[in-house]
$ cat data-v6.txt   # compact mmCIF, C-alpha atoms
# COMPACT_ATOMS: atom_id res chain seq x y z
CA MET A 25 24.23 28.00 28.95
CA PRO A 26 21.86 29.85 31.33
CA ILE A 27 19.53 26.83 31.63
CA SER A 28 20.33 23.20 32.31
CA VAL A 29 21.17 20.82 29.49
CA LYS A 30 18.25 18.63 30.57
CA MET A 31 15.75 21.49 30.43
CA ASP A 32 17.11 22.50 27.04
CA SER A 33 16.37 19.01 25.74
CA PHE A 34 12.93 19.07 27.39
CA LEU A 35 12.07 22.31 25.65
CA GLU A 36 12.78 20.70 22.30
CA ARG A 37 10.83 17.53 23.06
CA SER A 38 7.78 19.29 24.45
CA SER A 39 7.60 21.98 21.83
CA TRP A 40 5.01 20.70 19.34
CA ILE A 41 1.85 21.85 21.10
CA ARG A 42 3.55 25.12 22.02
CA ARG A 43 4.68 25.63 18.44
CA MET A 44 1.20 25.01 17.06
CA PHE A 45 -0.30 27.38 19.65
CA GLU A 46 2.15 30.10 18.61
CA GLU A 47 1.49 29.40 14.94
CA GLY A 48 -2.24 29.66 15.63
CA ALA A 49 -1.81 33.05 17.28
CA ARG A 50 0.15 34.28 14.26
CA LEU A 51 -2.39 32.96 11.76
CA LYS A 52 -5.34 34.38 13.69
CA ALA A 53 -3.71 37.81 13.78
CA GLU A 54 -3.04 37.60 10.05
CA HIS A 55 -6.31 36.10 8.78
CA GLY A 56 -8.81 36.69 11.60
CA ALA A 57 -9.74 34.22 14.31
CA ASP A 58 -12.88 33.08 12.49
CA LYS A 59 -10.80 31.97 9.48
CA VAL A 60 -8.45 29.72 11.48
CA PHE A 61 -9.61 26.29 12.66
CA ASP A 62 -7.59 25.47 15.75
CA PHE A 63 -7.53 21.87 17.03
CA SER A 64 -4.14 22.11 18.71
CA LEU A 65 -4.90 22.45 22.43
CA GLY A 66 -6.74 20.01 24.68
CA ASN A 67 -8.21 22.88 26.67
CA PRO A 68 -11.87 22.25 27.63
CA ASN A 69 -13.99 24.98 26.04
CA LEU A 70 -17.20 24.22 27.96
CA GLU A 71 -18.20 26.20 31.02
CA PRO A 72 -18.43 24.29 34.32
CA PRO A 73 -21.79 22.67 35.14
CA ALA A 74 -24.61 24.95 36.30
CA GLU A 75 -24.20 23.70 39.87
CA PHE A 76 -20.65 25.01 40.19
CA VAL A 77 -21.15 28.78 40.60
CA PRO A 78 -23.98 28.55 43.18
CA ILE A 79 -21.90 26.11 45.22
CA LEU A 80 -18.91 28.44 45.01
CA LYS A 81 -21.04 31.36 46.22
CA GLU A 82 -22.38 29.31 49.11
CA LEU A 83 -18.86 28.36 50.14
CA LEU A 84 -17.69 31.98 50.03
CA ASP A 85 -20.63 33.07 52.15
CA GLU A 86 -20.16 30.40 54.82
CA PRO A 87 -18.56 32.03 57.91
CA THR A 88 -16.18 29.13 58.64
CA ALA A 89 -12.97 30.01 60.45
CA GLY A 90 -9.81 28.95 58.66
CA THR A 91 -11.53 28.59 55.28
CA HIS A 92 -8.42 29.69 53.42
CA GLY A 93 -5.77 28.22 55.71
CA TYR A 94 -3.66 25.08 55.69
CA MET A 95 -5.26 21.74 56.31
CA ALA A 96 -3.81 18.24 56.62
CA ASN A 97 -1.53 17.64 53.63
CA ALA A 98 -3.77 14.86 52.30
CA GLY A 99 -6.75 17.23 52.18
CA TYR A 100 -9.97 17.89 54.06
CA PRO A 101 -11.49 14.73 55.58
CA GLU A 102 -14.89 15.52 54.04
CA ALA A 103 -13.36 15.97 50.57
CA ARG A 104 -11.40 12.73 50.84
CA ALA A 105 -14.48 10.85 52.03
CA ALA A 106 -16.64 12.17 49.18
CA VAL A 107 -13.99 11.35 46.59
CA ALA A 108 -13.50 7.89 48.07
CA ALA A 109 -17.22 7.11 47.89
CA GLN A 110 -17.33 8.03 44.19
CA THR A 111 -14.11 6.13 43.48
CA ALA A 112 -15.49 3.05 45.22
CA LEU A 113 -18.53 3.13 42.91
CA GLU A 114 -16.32 3.42 39.83
CA GLN A 115 -13.65 0.92 40.83
CA GLY A 116 -15.76 -1.73 42.53
CA VAL A 117 -13.63 -1.84 45.70
CA ALA A 118 -14.20 -0.35 49.15
CA VAL A 119 -12.03 2.78 48.91
CA THR A 120 -12.21 5.07 51.97
CA GLY A 121 -10.96 8.57 52.64
CA ALA A 122 -7.84 7.07 54.21
CA GLU A 123 -6.74 5.93 50.74
CA VAL A 124 -7.18 9.36 49.07
CA VAL A 125 -4.82 12.32 48.74
CA MET A 126 -6.23 15.54 47.27
CA THR A 127 -3.79 17.05 44.77
CA ALA A 128 -3.26 20.09 42.57
CA GLY A 129 -4.54 18.27 39.50
CA ALA A 130 -3.61 14.96 37.87
CA GLY A 131 -0.12 16.17 36.94
CA ALA A 132 0.60 16.80 40.59
CA ALA A 133 -0.88 13.42 41.50
CA LEU A 134 1.46 11.63 39.07
CA ASN A 135 4.50 13.52 40.35
CA VAL A 136 3.56 12.66 43.92
CA ILE A 137 3.22 8.99 42.99
CA PHE A 138 6.55 8.83 41.17
CA LYS A 139 8.30 10.67 44.00
CA ALA A 140 6.96 8.09 46.43
CA ILE A 141 7.75 4.90 44.49
CA LEU A 142 10.75 5.46 42.19
CA ASP A 143 14.40 4.84 42.95
CA PRO A 144 17.10 5.99 40.52
CA ASP A 145 16.94 4.11 37.19
CA ASP A 146 13.62 2.45 37.97
CA GLU A 147 11.55 1.95 34.83
CA VAL A 148 7.94 2.91 34.08
CA VAL A 149 6.36 1.13 31.12
CA VAL A 150 3.80 3.15 29.14
CA PRO A 151 1.73 2.19 26.08
CA ARG A 152 2.18 4.57 23.18
CA PRO A 153 1.01 6.96 21.94
CA TYR A 154 0.97 8.82 25.24
CA PHE A 155 0.85 12.30 26.78
CA VAL A 156 4.31 13.78 26.27
CA GLU A 157 4.75 15.04 29.82
CA TYR A 158 4.76 11.50 31.24
CA GLY A 159 8.41 11.25 30.32
CA PHE A 160 9.22 14.48 32.13
CA TYR A 161 7.29 13.42 35.24
CA VAL A 162 9.13 10.10 35.45
CA ASP A 163 12.48 11.80 34.83
CA ASN A 164 11.72 14.30 37.61
CA HIS A 165 12.12 11.46 40.09
CA GLY A 166 15.06 9.59 38.59
CA GLY A 167 13.12 7.05 36.57
CA THR A 168 13.15 6.02 32.93
CA LEU A 169 10.07 5.86 30.71
CA VAL A 170 9.85 2.70 28.59
CA PRO A 171 7.29 3.02 25.75
CA VAL A 172 5.65 -0.05 24.22
CA ASP A 173 3.44 -0.29 21.17
CA THR A 174 -0.30 -0.82 21.42
CA THR A 175 -2.35 -2.89 18.97
CA PRO A 176 -3.20 -1.44 15.54
CA GLU A 177 -6.51 -0.35 17.11
CA PHE A 178 -4.60 1.35 19.97
CA ASP A 179 -5.74 -1.16 22.59
CA LEU A 180 -3.32 -2.48 25.20
CA ASP A 181 -0.95 -5.13 23.92
CA VAL A 182 -0.30 -7.10 27.10
CA ASP A 183 2.29 -9.34 25.41
CA ARG A 184 4.36 -6.29 24.54
CA VAL A 185 4.01 -4.99 28.09
CA GLU A 186 5.26 -8.33 29.39
CA ALA A 187 8.23 -8.27 27.02
CA ALA A 188 9.17 -4.79 28.30
CA ILE A 189 9.20 -5.77 31.98
CA THR A 190 12.69 -6.08 33.49
CA PRO A 191 14.05 -6.35 37.04
CA LYS A 192 14.05 -2.53 37.07
CA THR A 193 10.35 -2.15 36.24
CA ARG A 194 8.50 -0.38 39.05
CA ALA A 195 5.23 0.63 37.38
CA ILE A 196 2.98 0.38 34.35
CA LEU A 197 1.33 3.71 33.51
CA ILE A 198 -1.88 3.69 31.49
CA ASN A 199 -4.27 6.43 30.35
CA SER A 200 -7.82 5.41 29.39
CA PRO A 201 -9.68 7.10 27.73
CA ASN A 202 -6.44 7.89 25.99
CA ASN A 203 -4.85 11.16 24.97
CA PRO A 204 -4.26 11.35 21.99
CA THR A 205 -6.29 8.46 20.50
CA GLY A 206 -9.60 8.61 22.38
CA ARG A 207 -9.32 4.83 22.88
CA ILE A 208 -10.78 3.15 25.97
CA TYR A 209 -8.68 0.12 26.82
CA SER A 210 -10.83 -3.00 26.80
CA ALA A 211 -11.92 -4.66 30.02
CA GLU A 212 -10.30 -7.87 28.78
CA SER A 213 -6.92 -6.19 28.33
CA ILE A 214 -7.13 -4.56 31.77
CA GLN A 215 -7.91 -7.91 33.38
CA ALA A 216 -5.07 -9.57 31.48
CA LEU A 217 -2.69 -6.81 32.56
CA GLY A 218 -3.73 -7.29 36.19
CA LYS A 219 -3.07 -11.03 36.00
CA LEU A 220 0.31 -10.42 34.38
CA LEU A 221 1.40 -8.00 37.10
CA GLU A 222 0.19 -10.30 39.86
CA HIS A 223 2.17 -13.16 38.32
CA LYS A 224 5.31 -11.02 38.03
CA TRP A 225 4.92 -9.87 41.63
CA LEU A 226 4.57 -13.41 42.96
CA GLU A 227 7.38 -14.65 40.75
CA SER A 228 9.97 -12.03 41.67
CA GLY A 229 8.75 -10.57 44.96
CA ARG A 230 9.10 -7.07 43.47
CA VAL A 231 5.94 -4.98 43.37
CA ILE A 232 5.07 -3.49 39.99
CA PHE A 233 2.45 -0.79 40.47
CA LEU A 234 -0.36 -0.20 38.00
CA ILE A 235 -0.90 3.56 37.74
CA SER A 236 -4.02 4.68 35.93
CA ASP A 237 -4.21 8.31 34.80
CA GLU A 238 -7.95 8.96 34.44
CA PRO A 239 -8.79 12.64 33.80
CA TYR A 240 -11.06 11.58 30.90
CA ARG A 241 -12.90 8.79 32.75
CA HIS A 242 -16.24 10.60 32.51
CA ILE A 243 -15.71 11.96 28.98
CA VAL A 244 -17.17 8.94 27.15
CA TYR A 245 -19.63 8.42 24.30
CA ASP A 246 -22.12 5.87 23.04
CA ARG A 247 -22.56 4.30 26.50
CA ALA A 248 -18.91 3.26 26.62
CA VAL A 249 -17.61 2.02 29.97
CA VAL A 250 -14.12 2.55 31.39
CA ALA A 251 -12.86 -0.66 32.97
CA PRO A 252 -12.06 -0.42 36.71
CA VAL A 253 -8.36 -1.01 37.24
CA MET A 254 -8.65 -1.58 40.99
CA SER A 255 -10.88 -4.58 40.35
CA ALA A 256 -8.10 -6.11 38.26
CA TYR A 257 -5.06 -5.74 40.52
CA VAL A 258 -4.33 -4.86 44.12
CA ASN A 259 -1.14 -2.76 43.69
CA THR A 260 -3.04 -0.04 41.87
CA ILE A 261 -3.05 3.75 42.15
CA VAL A 262 -5.50 6.02 40.31
CA ALA A 263 -4.57 9.62 39.46
CA THR A 264 -7.15 12.03 38.10
CA SER A 265 -8.47 15.57 38.08
CA TYR A 266 -11.63 17.61 37.57
CA SER A 267 -10.10 19.55 34.69
CA LYS A 268 -12.15 17.80 32.01
CA ASP A 269 -15.35 16.43 33.55
CA LEU A 270 -16.08 19.70 35.40
CA SER A 271 -14.14 22.00 33.02
CA LEU A 272 -12.03 23.28 35.91
CA SER A 273 -8.59 22.95 34.32
CA GLY A 274 -7.42 26.32 35.64
CA GLU A 275 -8.39 25.52 39.23
CA ARG A 276 -5.84 22.69 39.57
CA ILE A 277 -7.84 20.24 41.62
CA GLY A 278 -7.58 16.46 41.50
CA TYR A 279 -6.66 13.48 43.63
CA LEU A 280 -4.93 10.14 43.82
CA ALA A 281 -6.52 7.02 45.27
CA VAL A 282 -4.78 3.84 46.39
CA HIS A 283 -6.31 0.37 46.40
CA PRO A 284 -7.49 -0.21 49.99
CA GLU A 285 -5.87 -3.66 50.14
CA ILE A 286 -2.47 -2.59 48.87
CA PRO A 287 -0.01 -4.61 50.98
CA ASP A 288 2.62 -1.97 51.78
CA LYS A 289 0.92 0.40 54.21
CA ARG A 290 3.93 2.74 54.10
CA LEU A 291 2.77 3.93 50.69
CA MET A 292 0.11 6.34 51.96
CA PRO A 293 2.43 8.22 54.36
CA ALA A 294 5.00 8.38 51.55
CA LEU A 295 2.43 9.88 49.17
CA VAL A 296 1.29 12.46 51.72
CA THR A 297 4.89 13.45 52.45
CA ALA A 298 5.68 13.69 48.74
CA ASN A 299 2.69 16.00 48.26
CA ARG A 300 4.23 18.36 50.79
CA ILE A 301 7.91 18.24 49.89
CA LEU A 302 7.28 18.67 46.15
CA GLY A 303 5.87 22.08 47.01
CA PHE A 304 2.19 21.39 46.38
CA VAL A 305 1.70 21.28 50.21
CA ASN A 306 -2.01 20.62 49.75
CA ALA A 307 -4.65 20.97 47.06
CA PRO A 308 -6.49 24.34 46.81
CA ALA A 309 -8.80 24.65 49.81
CA LEU A 310 -11.79 26.26 48.10
CA MET A 311 -11.77 23.75 45.25
CA GLN A 312 -11.58 20.83 47.68
CA ARG A 313 -14.78 22.08 49.30
CA ALA A 314 -16.44 22.64 45.93
CA VAL A 315 -15.74 19.18 44.48
CA THR A 316 -16.94 17.64 47.73
CA ARG A 317 -20.41 18.80 46.67
CA LEU A 318 -20.00 18.00 42.98
CA GLN A 319 -19.34 14.26 43.03
CA GLY A 320 -21.03 12.53 40.08
CA VAL A 321 -21.63 15.81 38.23
CA VAL A 322 -20.27 16.07 34.68
CA VAL A 323 -20.46 18.76 32.01
CA ASP A 324 -22.95 18.21 29.19
CA LEU A 325 -20.97 16.13 26.70
CA THR A 326 -23.30 16.84 23.77
CA PRO A 327 -21.05 19.52 22.17
CA TYR A 328 -18.03 17.22 22.34
CA ARG A 329 -19.95 14.29 20.87
CA GLU A 330 -21.35 16.45 18.07
CA ASN A 331 -17.89 17.82 17.21
CA ARG A 332 -16.49 14.29 17.26
CA ASP A 333 -19.13 13.10 14.82
CA ILE A 334 -18.73 16.09 12.49
CA LEU A 335 -14.96 15.71 12.24
CA TYR A 336 -14.89 11.91 12.24
CA ASP A 337 -17.43 11.74 9.41
CA ALA A 338 -15.47 14.33 7.44
CA LEU A 339 -12.17 12.51 7.89
CA VAL A 340 -13.67 9.18 6.85
CA GLN A 341 -15.36 10.77 3.84
CA ALA A 342 -12.04 12.36 2.91
CA GLY A 343 -10.35 8.94 2.94
CA PHE A 344 -8.38 9.09 6.17
CA THR A 345 -7.94 6.04 8.37
CA VAL A 346 -9.05 7.07 11.84
CA PRO A 347 -10.50 5.20 14.83
CA LYS A 348 -13.73 6.60 16.20
CA PRO A 349 -12.96 7.94 19.68
CA GLU A 350 -14.78 6.21 22.52
CA GLY A 351 -13.81 8.89 25.00
CA ALA A 352 -11.73 12.03 25.68
CA PHE A 353 -11.92 14.72 22.98
CA TYR A 354 -9.26 13.82 20.43
CA LEU A 355 -9.09 12.31 16.95
CA PHE A 356 -5.89 10.63 15.79
CA PRO A 357 -6.01 10.01 12.03
CA ARG A 358 -3.22 8.40 10.07
CA THR A 359 -1.38 10.81 7.80
CA PRO A 360 -0.69 10.21 4.11
CA ILE A 361 2.83 11.67 4.46
CA ASP A 362 5.24 12.44 7.30
CA ASP A 363 3.14 13.74 10.18
CA VAL A 364 5.25 16.87 10.74
CA GLU A 365 5.07 17.81 7.09
CA PHE A 366 1.35 17.07 7.05
CA ALA A 367 0.75 19.29 10.09
CA ARG A 368 2.58 22.10 8.29
CA GLU A 369 0.44 21.57 5.21
CA MET A 370 -2.70 21.68 7.33
CA ALA A 371 -1.51 24.90 8.97
CA ALA A 372 -0.98 26.41 5.53
CA SER A 373 -4.67 25.64 4.95
CA LEU A 374 -5.48 27.32 8.32
CA VAL A 375 -6.26 24.06 10.13
CA LEU A 376 -4.07 23.58 13.22
CA VAL A 377 -3.28 20.03 14.36
CA VAL A 378 -0.43 18.52 16.38
CA PRO A 379 1.98 15.97 14.85
CA GLY A 380 1.63 12.52 16.38
CA SER A 381 5.41 12.47 16.86
CA GLY A 382 4.77 14.73 19.85
CA PHE A 383 2.92 11.81 21.46
CA ALA A 384 5.34 9.06 20.36
CA GLY A 385 2.83 8.26 17.64
CA PRO A 386 4.46 9.26 14.35
CA GLY A 387 2.42 8.91 11.18
CA HIS A 388 -0.65 10.50 12.77
CA VAL A 389 -1.89 13.93 13.82
CA ARG A 390 -4.04 14.85 16.78
CA LEU A 391 -7.15 17.00 16.49
CA ALA A 392 -8.57 18.28 19.78
CA TYR A 393 -12.30 18.78 19.27
CA CYS A 394 -12.93 20.62 22.54
CA CYS A 395 -13.74 23.63 20.38
CA SER A 396 -16.74 25.53 19.07
CA ARG A 397 -19.22 23.94 16.69
CA GLN A 398 -18.29 26.68 14.21
CA THR A 399 -14.64 25.59 14.28
CA ALA A 400 -15.53 21.94 13.70
CA GLU A 401 -17.93 22.68 10.84
CA GLY A 402 -15.65 25.29 9.29
CA ALA A 403 -12.79 22.80 8.94
CA VAL A 404 -14.86 20.21 7.06
CA PRO A 405 -14.42 21.62 3.51
CA ILE A 406 -10.68 21.92 4.05
CA LEU A 407 -10.40 18.33 5.31
CA LEU A 408 -12.37 17.11 2.29
CA GLU A 409 -10.16 19.09 -0.08
CA ILE A 410 -6.95 17.74 1.49
CA GLY A 411 -8.38 14.22 1.40
CA LYS A 412 -9.15 14.62 -2.30
CA LYS A 413 -5.51 15.52 -2.91
CA TYR A 414 -4.19 12.35 -1.30
CA TYR A 415 -6.99 9.81 -1.60
CA GLY A 416 -8.78 10.88 -4.79
$ encode --input "data-v6.txt" --output "structure tokens"
Amino acid sequence: MPISVKMDSFLERSSWIRRMFEEGARLKAEHGADKVFDFSLGNPNLEPPAEFVPILKELLDEPTAGTHGYMANAGYPEARAAVAAQTALEQGVAVTGAEVVMTAGAGAALNVIFKAILDPDDEVVVPRPYFVEYGFYVDNHGGTLVPVDTTPEFDLDVDRVEAAITPKTRAILINSPNNPTGRIYSAESIQALGKLLEHKWLESGRVIFLISDEPYRHIVYDRAVVAPVMSAYVNTIVATSYSKDLSLSGERIGYLAVHPEIPDKRLMPALVTANRILGFVNAPALMQRAVTRLQGVVVDLTPYRENRDILYDALVQAGFTVPKPEGAFYLFPRTPIDDVEFAREMAASLVLVVPGSGFAGPGHVRLAYCCSRQTAEGAVPILLEIGKKYYG
């Protein structure tokens, strides 16, 4: 076999979104793009905020020597300081630039974290459904992903997390607002999780990190608030990016931030070294300078909220059971039949969704509503017709 056995298995496990993308391309070529309603990819369709391009032009015009050269592996001091100030506001703890590493997106941040903390066979507990690549990231560094169920409303089930903890557990990985459900984990569940991990730490002497993947932190609706994980537990690391809130997914810019009171001070040097030896070296220089000036800026969420409401109302009217997303840009309705078969049926009706099995959430499908208003509205009659078939 020309590729490794492991990569062959990864290709099969990660294939659902890719398959739906390829199916979408085929259907659009056959029927016309305006006749196909594609909710398969979580690719932000909004342009960056108005401030972005002028700032980029200013940066390009500034005659600063070494603008495009290497910097310290953790990033520019001014970028780290700006990120830390914003993180401190969000997390309610005194984060400084010394606790920040600029990274090539949230995926890079998570790989850096796992490289720094995992020994072979260490376990990372994750609530499901979850982003499929978490398993690959953990495996990259010798660990094992341990999924646990959430509540029926997709909130954290702290009792199930506790039951999954073993002497090999090194971290709990959470994602709120969640991909694929749009759920924001409640402040009560975050506090309870923090108390559990503190108890386990004191009981065994083994640190269990709380890792919070937060690329959707600012994509929230109806005045929802994302609970600060650093206020709940000291052994906490936040990983995030500007892919969603600034619509800069192609620029690969993000960061990780460590709780300033984390006891093991060797963690930061380990993270910085991991950033280098994994091949990221440092985050893109120009984007570091840009986000330094864009702290607190977020794209206009109105199109996302409107698409959410259009599709949510249609699904409910059609008879589907679906939680109303509090954040991110995904709907995760329950399916009346096997989710893979249902996704195929939807594709036959020119509506592209991703089976929940691809997110360890079988019996559901994911609709990504980071799309045009025309796409959202155009799918409504089809959703109603399919609902009539199954729910009367």
$ closest_residue --input "data-v6.txt" --among "A:Val258, A:Ile79, A:Ala53, A:Ile232" --to "Ile196 (chain A)" --atoms "all atoms listed in the file"
A:Ile232
$ closest_residue --input "data-v6.txt" --among "A:Ala256, A:Leu142, A:Ala89, A:Ala74" --to "Ala298 (chain A)" --atoms "only C-alpha atoms"
A:Leu142
$ residues_around --input "data-v6.txt" --residues "Glu71 (chain A)" --least-positions-apart "3" --cutoff "10 Å" --atoms "all atoms listed in the file" --output "list in words"
Pro68, Ala74, Phe76, Leu270, Ser271, Leu272, Val323 and Asp324 of chain A
$ write_last_selection --input "data-v6.txt" --atoms "C-alpha atoms" --output "short mmCIF file (atom, residue, chain, number, x, y, z; two decimals), in the coordinates of the input"
data_model
loop_
_atom_site.label_atom_id
_atom_site.label_comp_id
_atom_site.auth_asym_id
_atom_site.auth_seq_id
_atom_site.Cartn_x
_atom_site.Cartn_y
_atom_site.Cartn_z
CA PRO A 68 -11.87 22.25 27.63
CA ALA A 74 -24.61 24.95 36.30
CA PHE A 76 -20.65 25.01 40.19
CA LEU A 270 -16.08 19.70 35.40
CA SER A 271 -14.14 22.00 33.02
CA LEU A 272 -12.03 23.28 35.91
CA VAL A 323 -20.46 18.76 32.01
CA ASP A 324 -22.95 18.21 29.19
#
$ closest_residue --input "data-v6.txt" --among "A:Gln319, A:Ser236, A:Gln110, A:Thr193" --to "Leu221 (chain A)" --atoms "only C-alpha atoms"
A:Thr193
$ atom_distance --input "data-v6.txt" --atom1 "CA of Val262 (chain A)" --atom2 "CA of Leu226 (chain A)"
22.0 Å
$ atom_distance --input "data-v6.txt" --atom1 "CA of Asn306 (chain A)" --atom2 "CA of Asn97 (chain A)"
4.9 Å
$ closest_residue --input "data-v6.txt" --among "A:Ala251, A:Val231, A:Ala118, A:Val77" --to "Ile214 (chain A)" --atoms "only C-alpha atoms"
A:Ala251
$ closest_residue --input "data-v6.txt" --among "A:Ile406, A:Ile27, A:Ala103, A:Val162" --to "Ala122 (chain A)" --atoms "all atoms listed in the file"
A:Ala103
$ closest_residue --input "data-v6.txt" --among "A:Arg329, A:Lys348, A:Arg276, A:Arg184" --to "Val315 (chain A)" --atoms "all atoms listed in the file"
A:Arg276
$ residues_around --input "data-v6.txt" --residues "Tyr161 (chain A)" --least-positions-apart "6" --cutoff "9 Å" --atoms "only C-alpha atoms" --output "CSV table (one decimal) with C-alpha atoms, in the frame of the given file"
chain,number,residue,atom,x,y,z
A,131,GLY,CA,-0.1,16.2,36.9
A,134,LEU,CA,1.5,11.6,39.1
A,135,ASN,CA,4.5,13.5,40.4
A,138,PHE,CA,6.6,8.8,41.2
A,167,GLY,CA,13.1,7.0,36.6
$ atom_distance --input "data-v6.txt" --atom1 "CA of Tyr354 (chain A)" --atom2 "CA of Glu114 (chain A)"
23.1 Å
$ residues_around --input "data-v6.txt" --residues "Thr326 (chain A)" --least-positions-apart "3" --cutoff "12 Å" --atoms "only C-alpha atoms" --output "list in words"
Leu70, Ile243, Val244, Tyr245, Asp246, Val322, Val323, Arg329, Glu330, Asn331, Arg332, Asp333, Phe353, Cys394, Ser396 and Arg397 of chain A
$ residues_around --input "data-v6.txt" --residues "region 373-383 of chain A" --least-positions-apart "3" --cutoff "8 Å" --atoms "only C-alpha atoms" --output "ChimeraX atom specification"
/A:37-38,40-41,44,48,51,59-64,152-156,204,356,363-364,366-367,369-370,386-392,403,406
$ write_last_selection --input "data-v6.txt" --atoms "C-alpha atoms" --output "CSV table (one decimal), in the frame of the given file"
chain,number,residue,atom,x,y,z
A,37,ARG,CA,10.8,17.5,23.1
A,38,SER,CA,7.8,19.3,24.4
A,40,TRP,CA,5.0,20.7,19.3
A,41,ILE,CA,1.8,21.8,21.1
A,44,MET,CA,1.2,25.0,17.1
A,48,GLY,CA,-2.2,29.7,15.6
A,51,LEU,CA,-2.4,33.0,11.8
A,59,LYS,CA,-10.8,32.0,9.5
A,60,VAL,CA,-8.4,29.7,11.5
A,61,PHE,CA,-9.6,26.3,12.7
A,62,ASP,CA,-7.6,25.5,15.8
A,63,PHE,CA,-7.5,21.9,17.0
A,64,SER,CA,-4.1,22.1,18.7
A,152,ARG,CA,2.2,4.6,23.2
A,153,PRO,CA,1.0,7.0,21.9
A,154,TYR,CA,1.0,8.8,25.2
A,155,PHE,CA,0.8,12.3,26.8
A,156,VAL,CA,4.3,13.8,26.3
A,204,PRO,CA,-4.3,11.4,22.0
A,356,PHE,CA,-5.9,10.6,15.8
A,363,ASP,CA,3.1,13.7,10.2
A,364,VAL,CA,5.2,16.9,10.7
A,366,PHE,CA,1.4,17.1,7.0
A,367,ALA,CA,0.8,19.3,10.1
A,369,GLU,CA,0.4,21.6,5.2
A,370,MET,CA,-2.7,21.7,7.3
A,386,PRO,CA,4.5,9.3,14.4
A,387,GLY,CA,2.4,8.9,11.2
A,388,HIS,CA,-0.6,10.5,12.8
A,389,VAL,CA,-1.9,13.9,13.8
A,390,ARG,CA,-4.0,14.8,16.8
A,391,LEU,CA,-7.2,17.0,16.5
A,392,ALA,CA,-8.6,18.3,19.8
A,403,ALA,CA,-12.8,22.8,8.9
A,406,ILE,CA,-10.7,21.9,4.0
$ axis_aligned_box --input "data-v6.txt" --around "region 340-358 of chain A" --padding-each-side "8 Å" --output "AutoDock Vina command-line options"
--center_x -9.3 --center_y 10.0 --center_z 14.3 --size_x 28.1 --size_y 25.5 --size_z 38.8
$ residues_around --input "data-v6.txt" --residues "Met126 (chain A)" --least-positions-apart "3" --cutoff "8 Å" --atoms "all atoms listed in the file" --output "number ranges by chain"
A: 98-99, 103-104, 277-280, 306-307, 312
$ residues_near_point --input "data-v6.txt" --point "(-12.9, 12.8, 14.7)" --cutoff "6 Å" --atoms "only C-alpha atoms" --output "PyMOL selection string"
chain A and resi 332+335-336+355
$ decode --input "data-v6.txt" --residues "region 226-238 of chain A" --atoms "N, CA and C atoms" --output "CSV table (one decimal), in the first residue's frame"
chain,number,residue,atom,x,y,z
A,226,LEU,N,-6.5,17.0,43.0
A,226,LEU,CA,-6.1,17.0,44.4
A,226,LEU,C,-6.1,15.5,44.9
A,227,GLU,N,-7.0,14.7,44.4
A,227,GLU,CA,-7.1,13.3,44.9
A,227,GLU,C,-6.0,12.5,44.4
A,228,SER,N,-5.6,12.7,43.1
A,228,SER,CA,-4.6,11.8,42.5
A,228,SER,C,-3.2,12.4,42.4
A,229,GLY,N,-3.1,13.7,42.4
A,229,GLY,CA,-1.9,14.4,42.1
A,229,GLY,C,-1.6,14.5,40.6
A,230,ARG,N,-2.4,13.9,39.8
A,230,ARG,CA,-2.2,14.0,38.3
A,230,ARG,C,-3.0,15.1,37.7
A,231,VAL,N,-2.4,16.0,37.0
A,231,VAL,CA,-3.1,17.2,36.4
A,231,VAL,C,-3.9,16.7,35.2
A,232,ILE,N,-5.2,17.1,35.2
A,232,ILE,CA,-6.0,16.9,34.1
A,232,ILE,C,-6.3,18.3,33.5
A,233,PHE,N,-5.9,18.5,32.3
A,233,PHE,CA,-6.1,19.8,31.7
A,233,PHE,C,-7.5,20.0,31.2
A,234,LEU,N,-8.0,21.2,31.3
A,234,LEU,CA,-9.3,21.5,30.6
A,234,LEU,C,-8.9,22.3,29.3
A,235,ILE,N,-9.1,21.8,28.2
A,235,ILE,CA,-8.8,22.5,26.9
A,235,ILE,C,-10.1,22.9,26.3
A,236,SER,N,-10.2,24.2,26.0
A,236,SER,CA,-11.4,24.8,25.4
A,236,SER,C,-11.1,25.3,24.0
A,237,ASP,N,-11.7,24.7,23.0
A,237,ASP,CA,-11.6,25.1,21.6
A,237,ASP,C,-12.7,26.1,21.3
A,238,GLU,N,-12.3,27.3,21.1
A,238,GLU,CA,-13.3,28.4,21.1
A,238,GLU,C,-13.4,29.3,19.8
